[in-house]
Structures are given as C-alpha cells and as structure tokens.
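**Q** Contents of target_25.cif (mmCIF, C-alpha atoms):
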```cif
data_work
#
loop_
_atom_site.label_atom_id
_atom_site.label_comp_id
_atom_site.auth_asym_id
_atom_site.auth_seq_id
_atom_site.Cartn_x
_atom_site.Cartn_y
_atom_site.Cartn_z
CA MET O 175 2.69 -15.30 -6.06
CA THR O 176 4.51 -17.29 -3.37
CA SER O 177 4.12 -16.80 0.37
CA ALA O 178 6.56 -17.08 3.25
CA LEU O 179 6.42 -16.58 6.98
CA VAL O 180 8.72 -13.78 8.16
CA MET O 181 9.52 -13.41 11.88
CA GLU O 182 11.00 -10.44 13.72
CA GLY O 183 13.30 -10.90 16.73
CA GLY O 184 12.97 -9.11 20.04
CA ALA O 185 14.44 -11.41 22.74
CA MET O 186 11.63 -12.66 25.00
CA ARG O 187 9.02 -10.72 23.03
CA GLY O 188 9.61 -13.74 20.81
CA MET O 189 7.21 -15.64 23.06
CA PHE O 190 4.50 -13.76 21.16
CA THR O 191 5.85 -15.24 17.93
CA CYS O 192 5.86 -18.71 19.53
CA GLY O 193 2.19 -18.35 20.37
CA VAL O 194 1.43 -17.32 16.80
CA ILE O 195 3.34 -20.07 15.02
CA ASP O 196 2.21 -22.82 17.39
CA THR O 197 -1.40 -21.83 16.72
CA LEU O 198 -0.77 -21.82 12.97
CA MET O 199 0.84 -25.25 13.18
CA SER O 200 -2.01 -26.66 15.23
CA ALA O 201 -4.46 -25.38 12.62
CA GLY O 202 -2.53 -27.06 9.80
CA VAL O 203 -1.37 -23.80 8.20
CA THR O 204 1.86 -24.33 6.26
CA PHE O 205 4.28 -22.18 4.30
CA PRO O 206 6.76 -23.08 1.56
CA ALA O 207 9.35 -20.91 3.29
CA ALA O 208 10.08 -19.03 6.49
CA ALA O 209 12.70 -16.57 7.68
CA GLY O 210 13.69 -15.43 11.13
CA ILE O 211 16.04 -12.99 12.77
CA SER O 212 17.44 -13.45 16.29
CA ALA O 213 14.61 -14.79 18.50
CA GLY O 214 12.55 -15.16 15.33
CA ALA O 215 15.16 -17.68 14.18
CA VAL O 216 15.90 -19.60 17.38
CA PHE O 217 12.21 -19.89 18.33
CA GLY O 218 10.81 -19.89 14.81
CA CYS O 219 12.84 -22.91 13.70
CA ASN O 220 10.35 -25.09 15.57
CA ILE O 221 7.84 -24.52 12.79
CA LYS O 222 10.11 -26.41 10.38
CA SER O 223 10.71 -29.22 12.87
CA ARG O 224 6.95 -29.28 13.54
CA GLN O 225 7.27 -28.99 17.32
CA PRO O 226 4.46 -26.76 18.63
CA GLY O 227 4.86 -25.91 22.30
CA ARG O 228 8.57 -26.70 22.47
CA ALA O 229 9.90 -23.14 22.76
CA LEU O 230 7.38 -22.21 25.44
CA ARG O 231 8.09 -25.43 27.32
CA TYR O 232 11.85 -25.08 27.55
CA ASN O 233 11.79 -21.34 28.18
CA MET O 234 9.40 -21.75 31.10
CA LYS O 235 11.38 -24.66 32.51
CA TYR O 236 14.87 -23.20 32.21
CA CYS O 237 14.43 -19.41 32.30
CA ARG O 238 15.78 -19.34 35.89
CA ASP O 239 18.59 -21.81 35.23
CA PRO O 240 21.93 -19.94 35.37
CA ARG O 241 23.26 -22.19 32.63
CA TYR O 242 20.59 -20.83 30.30
CA CYS O 243 20.87 -17.10 30.96
CA SER O 244 22.74 -15.36 33.76
CA LEU O 245 25.33 -12.80 34.71
CA ARG O 246 27.46 -15.75 35.83
CA SER O 247 27.39 -17.13 32.30
CA LEU O 248 28.32 -13.72 30.90
CA LEU O 249 31.27 -13.33 33.27
CA ARG O 250 32.53 -16.88 32.78
CA THR O 251 32.01 -17.32 29.06
CA GLY O 252 31.35 -13.92 27.51
CA ASP O 253 27.79 -14.97 26.62
CA LEU O 254 24.75 -13.98 28.64
CA TYR O 255 22.91 -16.94 27.12
CA GLY O 256 25.11 -19.97 27.72
CA ALA O 257 26.18 -21.24 24.33
CA ASP O 258 26.85 -24.84 25.33
CA PHE O 259 23.60 -25.11 27.26
CA CYS O 260 21.37 -23.38 24.70
CA TYR O 261 22.79 -24.86 21.52
CA ARG O 262 23.99 -28.30 22.59
CA LEU O 263 22.65 -29.59 25.89
CA LEU O 264 19.14 -28.22 25.46
CA PRO O 265 18.46 -29.30 21.84
CA ASP O 266 20.41 -32.55 22.11
CA GLN O 267 19.26 -33.85 25.51
CA LEU O 268 16.95 -31.75 27.67
CA ASP O 269 14.24 -30.89 25.13
CA PRO O 270 15.36 -32.54 21.89
CA PHE O 271 15.11 -30.62 18.66
CA ASP O 272 13.66 -32.97 16.02
CA ARG O 273 16.40 -32.76 13.42
CA GLU O 274 14.94 -35.55 11.33
CA ALA O 275 11.62 -33.71 10.98
CA PHE O 276 13.49 -30.45 10.33
CA ARG O 277 15.54 -32.06 7.57
CA GLU O 278 12.61 -33.83 5.94
CA ASN O 279 10.29 -30.81 5.95
CA PRO O 280 10.64 -29.21 2.48
CA MET O 281 10.07 -25.71 3.95
CA VAL O 282 12.94 -23.36 3.12
CA PHE O 283 14.21 -21.79 6.36
CA GLU O 284 16.37 -18.66 6.16
CA ILE O 285 18.12 -16.90 9.00
CA GLY O 286 20.16 -13.71 9.09
CA ALA O 287 23.14 -12.54 11.15
CA THR O 288 25.32 -9.43 11.02
CA ASP O 289 28.85 -9.69 9.61
CA VAL O 290 31.04 -7.82 12.09
CA ARG O 291 33.51 -6.87 9.37
CA THR O 292 30.96 -5.15 7.13
CA GLY O 293 28.03 -4.35 9.42
CA ARG O 294 25.71 -5.96 6.88
CA CYS O 295 23.27 -8.82 7.29
CA VAL O 296 24.21 -12.11 5.68
CA TYR O 297 21.84 -15.05 5.30
CA HIS O 298 21.99 -18.79 5.62
CA THR O 299 19.61 -21.49 4.42
CA CYS O 300 19.20 -24.09 7.16
CA PHE O 301 19.05 -27.66 5.92
CA ASP O 302 19.34 -30.20 8.72
CA GLY O 303 19.43 -28.41 12.09
CA GLY O 304 22.94 -29.81 12.58
CA ALA O 305 26.10 -28.23 13.96
CA GLU O 306 26.48 -25.56 11.29
CA ASP O 307 22.83 -24.53 11.48
CA MET O 308 23.11 -24.34 15.28
CA LEU O 309 26.04 -21.96 14.96
CA TRP O 310 23.96 -19.77 12.66
CA PHE O 311 21.06 -19.82 15.12
CA ARG O 312 23.44 -18.79 17.88
CA ALA O 313 24.98 -16.08 15.71
CA SER O 314 21.62 -14.64 14.72
CA ALA O 315 20.70 -14.21 18.40
CA SER O 316 24.10 -13.06 19.72
CA MET O 317 23.28 -9.61 21.06
CA PRO O 318 26.15 -7.10 21.14
CA LEU O 319 27.64 -6.23 24.56
CA VAL O 320 26.46 -9.55 26.06
CA SER O 321 27.65 -12.07 23.45
CA ARG O 322 30.82 -13.08 21.72
CA PRO O 323 30.83 -12.97 17.92
CA VAL O 324 30.28 -16.41 16.43
CA ALA O 325 32.66 -17.86 13.85
CA VAL O 326 30.84 -19.89 11.19
CA SER O 327 31.11 -20.39 7.43
CA GLY O 328 34.28 -18.29 7.31
CA LEU O 329 32.46 -15.31 8.87
CA LEU O 330 32.37 -13.63 12.27
CA LEU O 331 28.77 -12.83 13.18
CA LEU O 332 26.51 -11.10 15.69
CA ASP O 333 22.76 -10.57 16.06
CA GLY O 334 20.97 -10.26 12.74
CA GLY O 335 18.66 -7.56 14.09
CA ILE O 336 21.53 -5.08 14.10
CA ALA O 337 21.39 -4.82 10.32
CA ASP O 338 18.04 -6.35 9.31
CA ALA O 339 15.22 -6.34 11.85
CA VAL O 340 12.64 -8.06 9.64
CA PRO O 341 13.99 -9.97 6.60
CA CYS O 342 11.13 -9.14 4.24
CA ALA O 343 13.34 -7.72 1.48
CA HIS O 344 15.54 -10.81 1.59
CA MET O 345 12.58 -13.13 1.13
CA GLU O 346 11.12 -10.97 -1.62
CA ALA O 347 14.47 -11.14 -3.41
CA LEU O 348 14.16 -14.94 -3.27
CA GLY O 349 10.74 -14.72 -4.92
CA TYR O 350 8.46 -14.83 -1.87
CA ASP O 351 6.42 -11.74 -2.56
CA ARG O 352 3.23 -12.29 -0.55
CA ASN O 353 4.20 -12.81 3.03
CA VAL O 354 2.75 -13.26 6.50
CA ILE O 355 4.89 -11.11 8.80
CA VAL O 356 5.00 -11.60 12.57
CA LEU O 357 6.15 -8.52 14.48
CA THR O 358 6.73 -8.26 18.21
CA GLN O 359 5.86 -4.58 18.66
CA PRO O 360 2.39 -3.04 18.28
CA ARG O 361 1.22 -0.96 15.34
CA GLY O 362 2.88 2.44 15.18
CA TYR O 363 5.94 1.53 17.23
CA ARG O 364 9.13 3.26 16.10
CA LYS O 365 12.61 3.02 17.58
CA LYS O 366 14.53 5.95 19.02
CA PRO O 367 18.31 6.41 18.76
CA ILE O 368 20.28 4.28 21.23
CA SER O 369 21.05 6.29 24.34
CA ALA O 370 24.10 4.19 25.29
CA LEU O 371 26.05 4.74 22.06
CA PRO O 372 29.31 5.63 23.89
CA LEU O 373 29.20 2.21 25.56
CA TYR O 374 28.65 0.52 22.21
CA ARG O 375 31.51 2.52 20.70
CA LEU O 376 33.82 1.23 23.41
CA ALA O 377 32.58 -2.38 23.30
CA LEU O 378 32.61 -2.55 19.50
CA ARG O 379 35.87 -0.68 18.89
CA ARG O 380 37.29 -3.73 17.10
CA TRP O 381 34.30 -3.77 14.74
CA PRO O 382 33.54 -0.18 13.73
CA ALA O 383 31.12 -1.31 11.00
CA VAL O 384 28.91 -2.92 13.65
CA TYR O 385 29.02 0.24 15.73
CA GLU O 386 27.92 2.28 12.71
CA ALA O 387 25.07 -0.17 12.11
CA MET O 388 24.00 0.11 15.74
CA ALA O 389 24.10 3.90 15.56
CA ALA O 390 21.80 3.83 12.51
CA ARG O 391 19.67 0.92 13.67
CA HIS O 392 16.65 3.05 14.56
CA GLU O 393 16.64 4.52 11.04
CA MET O 394 16.81 1.05 9.47
CA TYR O 395 14.07 -0.28 11.72
CA ASN O 396 11.72 2.65 11.23
CA ARG O 397 12.19 2.54 7.46
CA GLN O 398 11.33 -1.17 7.48
CA MET O 399 8.21 -0.52 9.55
CA ASP O 400 7.09 2.13 7.05
CA GLU O 401 7.65 -0.32 4.20
CA ILE O 402 5.77 -3.09 6.01
CA ASP O 403 2.87 -0.74 6.74
CA ALA O 404 2.72 0.12 3.04
CA ARG O 405 2.81 -3.55 2.03
CA GLU O 406 0.05 -4.31 4.48
CA ALA O 407 -2.10 -1.40 3.27
CA SER O 408 -1.79 -2.57 -0.33
CA GLY O 409 -2.79 -6.12 0.56
CA ALA O 410 0.62 -7.51 -0.42
CA ALA O 411 1.42 -8.63 3.13
CA LEU O 412 -0.52 -9.78 6.17
CA VAL O 413 0.94 -8.56 9.44
CA ILE O 414 0.33 -10.16 12.83
CA ARG O 415 1.47 -7.94 15.70
CA PRO O 416 0.67 -7.53 19.41
CA PRO O 417 -2.42 -5.42 20.05
CA ALA O 418 -0.49 -3.47 22.74
CA PRO O 419 3.07 -3.30 24.09
CA LEU O 420 4.09 -6.66 25.52
CA ASN O 421 5.99 -5.15 28.46
CA ILE O 422 8.31 -8.09 28.95
CA GLY O 423 12.00 -7.95 29.77
CA HIS O 424 14.66 -9.02 27.28
CA THR O 425 15.82 -11.68 29.76
CA GLU O 426 12.53 -12.39 31.51
CA ARG O 427 12.94 -14.98 34.27
CA ASN O 428 9.30 -15.28 35.36
CA PRO O 429 7.65 -18.30 33.70
CA ALA O 430 4.20 -16.76 34.18
CA GLU O 431 5.25 -13.70 32.17
CA LEU O 432 6.61 -15.87 29.37
CA GLU O 433 3.33 -17.75 29.22
CA ARG O 434 1.34 -14.50 29.35
CA VAL O 435 3.07 -13.18 26.24
CA TYR O 436 2.75 -16.56 24.52
CA ARG O 437 -1.02 -16.49 25.14
CA VAL O 438 -1.23 -13.01 23.62
CA GLY O 439 0.29 -14.43 20.43
CA GLN O 440 -1.97 -17.43 20.56
CA ARG O 441 -5.11 -15.31 20.87
CA GLU O 442 -4.02 -12.97 18.10
CA ALA O 443 -3.35 -15.89 15.75
CA GLU O 444 -6.72 -17.40 16.56
CA ARG O 445 -8.40 -14.06 15.93
CA ARG O 446 -6.70 -13.70 12.54
CA MET O 447 -6.80 -17.37 11.51
CA GLU O 448 -9.48 -17.18 8.82
CA GLU O 449 -7.90 -14.04 7.44
CA VAL O 450 -4.54 -15.81 7.23
CA LYS O 451 -6.07 -18.77 5.43
CA ARG O 452 -7.83 -16.53 2.90
CA PHE O 453 -4.63 -14.56 2.33
CA LEU O 454 -2.63 -17.71 1.61
CA GLU O 455 -5.29 -19.03 -0.77
CA GLU O 456 -5.42 -15.87 -2.92
#
```
Write the structure described by the file as structure tokens, please.
**A**
Amino acid sequence: MTSALVMEGGAMRGMFTCGVIDTLMSAGVTFPAAAGISAGAVFGCNIKSRQPGRALRYNMKYCRDPRYCSLRSLLRTGDLYGADFCYRLLPDQLDPFDREAFRENPMVFEIGATDVRTGRCVYHTCFDGGAEDMLWFRASASMPLVSRPVAVSGLLLLDGGIADAVPCAHMEALGYDRNVIVLTQPRGYRKKPISALPLYRLALRRWPAVYEAMAARHEMYNRQMDEIDAREASGAALVIRPPAPLNIGHTERNPAELERVYRVGQREAERRMEEVKRFLEE
C-alpha cells in the first residue's frame, strides 16, 4: 500500500491545513505524493517546497493589502484575489517560493480545477512550480462569482472544489490507497444546497455545466464525506479535521484570526502525530 497526503480547500479555513502540514514537516513526516484542491493546493504546495511557516507568514503580513484581496481588485481586474500579486509578485519577490526545492523534491503533487466547459474536475501534476504550475494553482483557487476563469493547458478553469472537494478518488486511482486526509470542517459537517443559486445561474450563464455542478455541489460533498468516514472507520484512511467549527471568514483580514486557526491545526497535528507515524509505517 502507498500513502499520500490529501488536502481539502476552504479558503481561509486552509490556515488549519497550514498548521497541520507545517507540524508534519517539522517532525520529519514525509509522503511520496500529495494532492490539494483550491486552498489545499495553493497553501499545501509549501510541503513540496519544504517551506514550513511560509503560508502563515505571508497571509498574516498581506491579508489587509488591497493588492492581495479586496473589492478594489475585484472591480478592477475581475479577481477578488489579485492574480498578479498572488501568483507573481508574492512568490517571486515578497516571500519567495522555493522552486528549486519544489522541483528537486520527488514528491508527486497533484492539483485539481474545474473545467468550465464540462463541469468536471481535471488534474495536473506539478513539476517545477513555474509559470504553468502557477496558473494551475490560480485556477484551482478561482472561486466562481469573484474570479475570472483561468486559461491554461488548452482549458478554461475555475475552482476545483466545485466538482471535487477532496481528491481522494483521484489519488486512489493513481495507486495511493492509504491516505492521510486533511479536512477543514469538523466531523459530521454536511453542506446544504446553495441559497444563492439564481445569482450563480446569472453569473455562470456562459458555462451552464459549472452552474449544474454548483447546484449539485452539496450532494457531491456530502457523498465524499460519507465515503471518507467509511474509509476512516475501516482503517484505510487517517483523517485530521478541526475538533470544532473554525468560524473564520473566507476572506479573513485579521492576522490574529489567521494565526488562531493555524494554531488549531498545529495542535491537532501534534495530538495525532504518533498515530500518523504508525499509520504510515503499517
């Protein structure tokens, strides 16, 4: 059996994931492969570049910077999270992403994004953290209504969580059948239908397949949670999740709140550390 690390998205709930993976890195825990969706991809990639603390550091420093995330950015560019700032200036200059370490680390790193033409999740294997990978990171985290679709690899893509909230099945199809899964909602959480569907219908009128995926997203998510619960109960997966709702906004601008959620992930990883190590050794 081969293990992978699988990371859910969830916008700034992803600070919980950062706390978990940074603690795993600091303890020397490694995986042959990892997969992330949305925030699980853009924050989780730091495990392949071996940069614990980076995601917390830049989020706390720039969360109030209008170039990073703001209504101004949305109105000017069509992206709530500024694409040039987040995927060029930040990783290239302000808090450099270690592309050399990312490239040299043999860990397989998979990310998913939703094809606007089909409404299905498509996947990309990241190799070097270069321009193409950055476009896939951006695509995976491009939330509908507040982001433009991203053109990359001949596709037009939006947030991967629309069609695949937790890419367990994808990793199992690649042969990783004994996985550590990091979720950003507590045990028992289930999604309800989206209340603003008419708004999504209007905003996504050019991409009806994405609208249909959004309308059925709660069914997809809840089915995945049932499957993950079953995998966990059978001992085939180890799931790390918040002990209680994180109660953090999708676009949280309070550095103290970001750190609070990060520390929750850190404590949960520390609490489960020996269990994780035993699981990976079996």
**Q** Mind checking which residues fall within 7 Å of O:Gly188, counting only C-alpha atoms, ignoring those fewer than 3 positions away in the same chain, and posting them as a ChimeraX atom specification?
**A** /O:183-185,191-192,213-214,358
**Q** What residues come out when you apply the PyMOL selection byres ((chain O and resi 299) around 6) to this file, written as a list of chain:residue names?
**A** O:Phe283, O:Glu284, O:His298, O:Cys300
**Q** Neighbours of stretch 304-321 of chain O within 7 Å (all atoms listed in the file; same-chain residues fewer than 3 positions away dropped), as a list in words?
**A**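 Surrounding residues, per the criterion: Ile211, Ser212, Ala213, Ala215, Val216, Leu248, Gly252, Asp253, Leu254, Tyr261, Gly286, Ala287, Cys300, Val324, Val326, Leu331, Leu332, Asp333, Gly334 and Ala377 of chain O.
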**Q** So which residues get picked by the PyMOL selection byres ((chain O and resi 451) around 12) here, written as a list in words?
**A**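 Against this file, the PyMOL selection byres ((chain O and resi 451) around 12) returns the residues Ser177, Leu198, Ala201, Gly202, Val203, Thr204, Phe205, Val354, Leu412, Ala443, Glu444, Arg445, Arg446, Met447, Glu448, Glu449, Val450, Arg452, Phe453, Leu454, Glu455 and Glu456 of chain O.
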**Q** For this file, the PyMOL selection byres ((chain O and resi 437) around 12) selects which residues, as number ranges by chain?
**A** O: 187-197, 227, 230, 416, 420, 430-436, 438-444
**Q** Closest to O:Lys235 among O:Pro382, O:Leu264, O:Glu401, O:Thr292, using only C-alpha atoms?
**A** O:Leu264
**Q** In Å to one decimal, how far is atom CA of O:Pro280 from atom CA of O:Tyr350?
**A**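 Answer for the atom CA of O:Tyr350 to atom CA of O:Pro280 separation: 15.2 Å.
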**Q** For a test of reading the model, state the distance in Å between atom CA of O:Arg273 and atom CA of O:Ser223, rounded to one decimal.
**A**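 Calculated distance between atom CA of O:Arg273 and atom CA of O:Ser223 is 6.7 Å.
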**Q** Take every atom of stretch 207-225 of chain O listed in the file, pad by 4 Å on each side, and give me the axis-aligned box centre and edge lengths in Å, one decimal, as lines of an AutoDock Vina configuration file.
**A**
```
center_x = 12.2
center_y = -21.1
center_z = 10.9
size_x = 18.5
size_y = 24.3
size_z = 23.2
```
**Q** Work out how far apart atom CA of O:Ala229 and atom CA of O:Pro360 are and give it in Å to one decimal.
**A** 21.9 Å
